[in-house]
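A short write-up of the structure that comes next.
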Amino acid sequence: MVANMQRLDGLAVYETKRDGPCVVFVHGAMDRAAGMIRIARCLPTWNIIRYDRRGYGRSDADAAERGFDGQIHDLKVALPKRPCVLFGHSYGGVIAMALGSMKPSEVVAIVSYEAPRAWESWWPQAPDVEIDPGDAAEYFMRNLTGDRKWLSLTSRAREQYRRQGELMVQELRWQETRRYDASQIKVPLVIGVGSQSNERAQMAARLTAAEASEGTLQKIEGLDHAAPQTHPKEIAQLIKSAFNSINL
């Protein structure tokens, strides 16, 4: 899979141009465009657009200064001038649905996998200011990938993740203000959640799907929060199901 990279307003945007349907990937916290490659490979006829969200990968590092509105602006920059499906993982799902509620003409369907509802009273709060952001980032990665995977990383890679802790904590705080309302999304919305994920993720998925005017909840057996990396075929099928539900 050959992707052409271009810089757009400080973003590193990667596109694999094909004649099939188009999907734009929005990655979550502590990730980058490369984290979506496995799913992209399961969509061999699709036009694929991935981008490093501001503050990650090869994109500019001024994400904190631009705030959450800057994330919406960046996704708009990455959108093609053609109909597309948005796929957002975790915090990327928050961004995708926030833009979707603005009804952009290019977006014909949205897939969100385990987007949080951090404004809810039952959702864990962001780390206190007394907690070292690097420690918070390490805890997040250990919880996501497991201690063995974390310890198998080079010391340089572990330190890079720890340096991203400040942005991760800021993004967690941004989410404590409600950023999306699924009832305002007027295109098909597929909400994915893994059967192995915790009850908070299950509840968030149920509530969001129930709010949406065209919402579909898909609970997938055997998956957890890391599914885009561990089960790309199943996530690709979610994206296909969203596209199959629209009439272009």
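Residue numbering restarts at 1 in every chain; chains get A, B, ... in the order shown in the structure tokens, and ligands count up from 1 in that same order.
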
Fewer than 5 positions away in the same chain doesn't count, so skip those; otherwise give me all residues within 12 Å of Ser121 of chain A, counting only C-alpha atoms, as an MDAnalysis selection string. chainID A and resid 176:178 200 204

May I have a table of the residues of segment 31-128 of chain A lying at most 10 Å from segment 237-240 of chain A, giving each one's closest pair of atoms and their distance in Å to one decimal, counting only C-alpha atoms, ordered by chain and ascending residue number, as JSON lines?
```
{"residue": "A:Ile39", "atom": "CA", "partner": "A:Gln237", "partner_atom": "CA", "distance": 9.4}
{"residue": "A:Cys42", "atom": "CA", "partner": "A:Gln237", "partner_atom": "CA", "distance": 8.7}
{"residue": "A:Leu43", "atom": "CA", "partner": "A:Lys240", "partner_atom": "CA", "distance": 8.6}
{"residue": "A:Trp46", "atom": "CA", "partner": "A:Lys240", "partner_atom": "CA", "distance": 10.0}
{"residue": "A:Val85", "atom": "CA", "partner": "A:Ile239", "partner_atom": "CA", "distance": 7.5}
{"residue": "A:Leu86", "atom": "CA", "partner": "A:Ile239", "partner_atom": "CA", "distance": 8.4}
{"residue": "A:Phe87", "atom": "CA", "partner": "A:Ile239", "partner_atom": "CA", "distance": 7.1}
{"residue": "A:Ala109", "atom": "CA", "partner": "A:Ile239", "partner_atom": "CA", "distance": 8.9}
{"residue": "A:Ile110", "atom": "CA", "partner": "A:Ile239", "partner_atom": "CA", "distance": 8.1}
{"residue": "A:Val111", "atom": "CA", "partner": "A:Ile239", "partner_atom": "CA", "distance": 6.3}
{"residue": "A:Ser112", "atom": "CA", "partner": "A:Leu238", "partner_atom": "CA", "distance": 9.2}
{"residue": "A:Tyr113", "atom": "CA", "partner": "A:Leu238", "partner_atom": "CA", "distance": 9.1}
```

Just the residues within 8 Å of Tyr161 of chain A, please, counting only C-alpha atoms, with nothing from its chain fewer than 5 positions along; format it as a list in words.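 The neighbour list is Met30, Gly134, Ala137 and Glu138 of chain A.
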
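For segment 36-194 of chain A, backbone-based DSSP labels the following residues as strand (DSSP E): Asn47, Ile48, Ile49, Arg50, Tyr51, Asp52, Cys84, Val85, Leu86, Phe87, Gly88, His89, Val107, Val108, Ala109, Ile110, Val111, Ser112, Tyr113, Leu189, Val190, Ile191, Gly192, Val193 and Gly194 of chain A.
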
Give the answer as one residue: which of A:Gly28, A:Asn143, A:Ile49, A:Lys219 has the shortest atom-to-atom distance to Arg82 of chain A, using only C-alpha atoms? A:Ile49

Excluding Ile72 of chain A and any residue of its chain fewer than 4 positions from it, enumerate the residues within 10 Å of it, using only C-alpha atoms, and give them as a PyMOL selection string. chain A and resi 67-68+76-77+94-100

Once you have the residues from the selection above, write them out as a CSV table (one decimal), in the first residue's frame, restricted to all heavy atoms.
```csv
chain,number,residue,atom,x,y,z
A,67,GLY,N,-6.5,24.1,21.0
A,67,GLY,CA,-7.7,23.6,21.7
A,67,GLY,C,-8.5,22.6,20.9
A,67,GLY,O,-8.0,22.2,19.8
A,68,PHE,N,-9.6,22.2,21.4
A,68,PHE,CA,-10.5,21.3,20.7
A,68,PHE,C,-10.9,21.8,19.4
A,68,PHE,O,-11.0,21.0,18.4
A,68,PHE,CB,-11.7,20.9,21.6
A,68,PHE,CG,-12.5,19.8,21.0
A,68,PHE,CD1,-12.1,18.4,21.1
A,68,PHE,CD2,-13.6,20.1,20.3
A,68,PHE,CE1,-12.8,17.4,20.5
A,68,PHE,CE2,-14.4,19.1,19.7
A,68,PHE,CZ,-14.0,17.7,19.8
A,76,LYS,N,-11.3,19.0,9.2
A,76,LYS,CA,-11.9,19.6,8.0
A,76,LYS,C,-10.8,19.7,6.9
A,76,LYS,O,-11.0,19.5,5.7
A,76,LYS,CB,-12.4,21.0,8.3
A,76,LYS,CG,-13.7,21.0,9.1
A,76,LYS,CD,-14.1,22.4,9.4
A,76,LYS,CE,-15.4,22.5,10.2
A,76,LYS,NZ,-15.8,23.9,10.5
A,77,VAL,N,-9.6,20.1,7.3
A,77,VAL,CA,-8.4,20.2,6.4
A,77,VAL,C,-8.2,18.9,5.7
A,77,VAL,O,-7.9,18.8,4.5
A,77,VAL,CB,-7.2,20.7,7.1
A,77,VAL,CG1,-5.9,20.6,6.3
A,77,VAL,CG2,-7.4,22.2,7.6
A,94,VAL,N,-14.6,11.0,19.2
A,94,VAL,CA,-15.2,12.3,19.7
A,94,VAL,C,-15.1,13.4,18.6
A,94,VAL,O,-16.0,14.1,18.3
A,94,VAL,CB,-14.5,12.7,20.9
A,94,VAL,CG1,-14.9,14.1,21.4
A,94,VAL,CG2,-14.7,11.7,22.1
A,95,ILE,N,-13.9,13.4,18.0
A,95,ILE,CA,-13.7,14.5,17.0
A,95,ILE,C,-14.5,14.2,15.7
A,95,ILE,O,-15.1,15.1,15.2
A,95,ILE,CB,-12.2,14.5,16.6
A,95,ILE,CG1,-11.3,14.8,17.8
A,95,ILE,CG2,-11.9,15.4,15.4
A,95,ILE,CD1,-9.8,14.6,17.6
A,96,ALA,N,-14.6,13.0,15.3
A,96,ALA,CA,-15.4,12.6,14.1
A,96,ALA,C,-16.9,13.0,14.4
A,96,ALA,O,-17.5,13.5,13.5
A,96,ALA,CB,-15.3,11.1,13.8
A,97,MET,N,-17.4,12.6,15.5
A,97,MET,CA,-18.8,12.9,15.8
A,97,MET,C,-19.1,14.4,16.0
A,97,MET,O,-20.2,14.9,15.6
A,97,MET,CB,-19.3,12.0,16.9
A,97,MET,CG,-19.5,10.6,16.6
A,97,MET,SD,-20.3,9.6,17.8
A,97,MET,CE,-19.1,9.5,19.1
A,98,ALA,N,-18.1,15.1,16.6
A,98,ALA,CA,-18.3,16.5,16.8
A,98,ALA,C,-18.4,17.2,15.4
A,98,ALA,O,-19.2,18.1,15.2
A,98,ALA,CB,-17.1,17.1,17.6
A,99,LEU,N,-17.5,16.8,14.5
A,99,LEU,CA,-17.6,17.4,13.1
A,99,LEU,C,-18.9,16.9,12.4
A,99,LEU,O,-19.6,17.7,11.8
A,99,LEU,CB,-16.4,17.0,12.3
A,99,LEU,CG,-16.4,17.5,10.8
A,99,LEU,CD1,-16.5,19.0,10.8
A,99,LEU,CD2,-15.3,16.9,10.0
A,100,GLY,N,-19.3,15.6,12.6
A,100,GLY,CA,-20.5,15.1,12.0
A,100,GLY,C,-21.7,15.9,12.4
A,100,GLY,O,-22.7,16.0,11.6
```

Would you please give, as a PyMOL selection string, all residues of segment 110-226 of chain A that DSSP assigns to alpha helix (DSSP H) based on the backbone? chain A and resi 133-145+147-152+155-163+165-174+199-211

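From atom CA of Arg53 of chain A back to atom CA of Gly194 of chain A, the distance works out to 24.1 Å.
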
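Going from atom CA of Ala118 of chain A over to atom CA of Phe243 of chain A, you cover 27.9 Å.
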
What separation in Å, quoted to one decimal, exists between atom CA of Ile246 of chain A and atom CA of Val193 of chain A?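 Going from atom CA of Ile246 of chain A over to atom CA of Val193 of chain A covers 21.3 Å.
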
Check the smallest atom-to-atom distance from each of A:Ala29, A:Ile48, A:Ile235, A:Leu217 to Met5 of chain A using only C-alpha atoms, then report the winner.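 Once distances to Met5 of chain A are computed over only C-alpha atoms, the minimum belongs to A:Ile48.
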
Just the residues within 10 Å of Tyr56 of chain A, please, counting only C-alpha atoms, with nothing from its chain fewer than 2 positions along; format it as a VMD selection string. chain A and resid 11 to 12 27 29 to 33 51 to 54 58 to 63 164 167

Convert the current residue selection to file output with N, CA, C and O atoms, as a PDB file, in the first residue's frame.
```pdb
ATOM      1  N   LEU A  11      -0.304  19.816   9.083  1.00  0.00           N
ATOM      2  CA  LEU A  11      -0.654  18.415   9.284  1.00  0.00           C
ATOM      3  C   LEU A  11       0.083  17.527   8.285  1.00  0.00           C
ATOM      4  O   LEU A  11       0.239  17.899   7.118  1.00  0.00           O
ATOM      5  N   ALA A  12       0.464  16.353   8.743  1.00  0.00           N
ATOM      6  CA  ALA A  12       0.972  15.305   7.851  1.00  0.00           C
ATOM      7  C   ALA A  12      -0.219  14.442   7.447  1.00  0.00           C
ATOM      8  O   ALA A  12      -0.799  13.751   8.290  1.00  0.00           O
ATOM      9  N   HIS A  27      -7.300   9.038  14.431  1.00  0.00           N
ATOM     10  CA  HIS A  27      -6.768   8.193  15.509  1.00  0.00           C
ATOM     11  C   HIS A  27      -7.008   8.803  16.882  1.00  0.00           C
ATOM     12  O   HIS A  27      -7.347   9.990  17.016  1.00  0.00           O
ATOM     13  N   ALA A  29      -5.871   9.157  21.242  1.00  0.00           N
ATOM     14  CA  ALA A  29      -4.746   9.678  22.003  1.00  0.00           C
ATOM     15  C   ALA A  29      -3.593   8.682  21.982  1.00  0.00           C
ATOM     16  O   ALA A  29      -3.794   7.468  21.890  1.00  0.00           O
ATOM     17  N   MET A  30      -2.385   9.194  22.046  1.00  0.00           N
ATOM     18  CA  MET A  30      -1.164   8.383  22.107  1.00  0.00           C
ATOM     19  C   MET A  30      -1.032   7.474  20.885  1.00  0.00           C
ATOM     20  O   MET A  30      -0.499   6.365  20.968  1.00  0.00           O
ATOM     21  N   ASP A  31      -1.502   7.944  19.752  1.00  0.00           N
ATOM     22  CA  ASP A  31      -1.446   7.151  18.525  1.00  0.00           C
ATOM     23  C   ASP A  31      -1.019   8.067  17.395  1.00  0.00           C
ATOM     24  O   ASP A  31      -0.623   9.221  17.620  1.00  0.00           O
ATOM     25  N   ARG A  32      -1.110   7.593  16.164  1.00  0.00           N
ATOM     26  CA  ARG A  32      -0.770   8.389  14.985  1.00  0.00           C
ATOM     27  C   ARG A  32      -1.367   7.714  13.770  1.00  0.00           C
ATOM     28  O   ARG A  32      -1.989   6.653  13.876  1.00  0.00           O
ATOM     29  N   ALA A  33      -1.197   8.323  12.604  1.00  0.00           N
ATOM     30  CA  ALA A  33      -1.779   7.772  11.382  1.00  0.00           C
ATOM     31  C   ALA A  33      -1.344   6.338  11.144  1.00  0.00           C
ATOM     32  O   ALA A  33      -2.125   5.516  10.657  1.00  0.00           O
ATOM     33  N   TYR A  51      -4.221  10.817   8.820  1.00  0.00           N
ATOM     34  CA  TYR A  51      -3.384  11.971   9.162  1.00  0.00           C
ATOM     35  C   TYR A  51      -2.941  11.879  10.617  1.00  0.00           C
ATOM     36  O   TYR A  51      -3.626  11.294  11.460  1.00  0.00           O
ATOM     37  N   ASP A  52      -1.751  12.408  10.863  1.00  0.00           N
ATOM     38  CA  ASP A  52      -1.265  12.524  12.235  1.00  0.00           C
ATOM     39  C   ASP A  52      -1.983  13.708  12.871  1.00  0.00           C
ATOM     40  O   ASP A  52      -1.846  14.848  12.395  1.00  0.00           O
ATOM     41  N   ARG A  53      -2.773  13.437  13.885  1.00  0.00           N
ATOM     42  CA  ARG A  53      -3.413  14.565  14.555  1.00  0.00           C
ATOM     43  C   ARG A  53      -2.353  15.504  15.110  1.00  0.00           C
ATOM     44  O   ARG A  53      -1.262  15.089  15.472  1.00  0.00           O
ATOM     45  N   ARG A  54      -2.697  16.782  15.149  1.00  0.00           N
ATOM     46  CA  ARG A  54      -1.744  17.793  15.607  1.00  0.00           C
ATOM     47  C   ARG A  54      -1.205  17.414  16.993  1.00  0.00           C
ATOM     48  O   ARG A  54      -1.966  17.079  17.901  1.00  0.00           O
ATOM     49  N   ARG A  58       4.210  13.319  12.597  1.00  0.00           N
ATOM     50  CA  ARG A  58       4.930  14.345  11.851  1.00  0.00           C
ATOM     51  C   ARG A  58       4.180  15.665  11.750  1.00  0.00           C
ATOM     52  O   ARG A  58       4.633  16.587  11.072  1.00  0.00           O
ATOM     53  N   SER A  59       3.045  15.768  12.405  1.00  0.00           N
ATOM     54  CA  SER A  59       2.294  17.025  12.380  1.00  0.00           C
ATOM     55  C   SER A  59       2.871  18.015  13.387  1.00  0.00           C
ATOM     56  O   SER A  59       3.617  17.641  14.300  1.00  0.00           O
ATOM     57  N   ASP A  60       2.522  19.293  13.209  1.00  0.00           N
ATOM     58  CA  ASP A  60       3.016  20.325  14.117  1.00  0.00           C
ATOM     59  C   ASP A  60       2.576  20.033  15.549  1.00  0.00           C
ATOM     60  O   ASP A  60       1.580  19.346  15.788  1.00  0.00           O
ATOM     61  N   ALA A  61       3.323  20.601  16.493  1.00  0.00           N
ATOM     62  CA  ALA A  61       3.132  20.262  17.904  1.00  0.00           C
ATOM     63  C   ALA A  61       2.289  21.275  18.673  1.00  0.00           C
ATOM     64  O   ALA A  61       2.254  21.232  19.898  1.00  0.00           O
ATOM     65  N   ASP A  62       1.602  22.185  17.971  1.00  0.00           N
ATOM     66  CA  ASP A  62       0.901  23.267  18.651  1.00  0.00           C
ATOM     67  C   ASP A  62      -0.555  22.940  18.963  1.00  0.00           C
ATOM     68  O   ASP A  62      -1.423  23.816  18.935  1.00  0.00           O
ATOM     69  N   ALA A  63      -0.830  21.669  19.289  1.00  0.00           N
ATOM     70  CA  ALA A  63      -2.219  21.248  19.521  1.00  0.00           C
ATOM     71  C   ALA A  63      -2.819  21.917  20.753  1.00  0.00           C
ATOM     72  O   ALA A  63      -3.982  22.335  20.737  1.00  0.00           O
ATOM     73  N   GLN A 164       4.530  12.549  25.330  1.00  0.00           N
ATOM     74  CA  GLN A 164       3.206  12.873  24.813  1.00  0.00           C
ATOM     75  C   GLN A 164       2.154  12.979  25.917  1.00  0.00           C
ATOM     76  O   GLN A 164       0.992  13.294  25.659  1.00  0.00           O
ATOM     77  N   LEU A 167       0.023  16.320  26.264  1.00  0.00           N
ATOM     78  CA  LEU A 167      -1.080  16.459  25.312  1.00  0.00           C
ATOM     79  C   LEU A 167      -2.196  15.476  25.644  1.00  0.00           C
ATOM     80  O   LEU A 167      -3.378  15.830  25.566  1.00  0.00           O
TER      81      LEU A 167
END
```
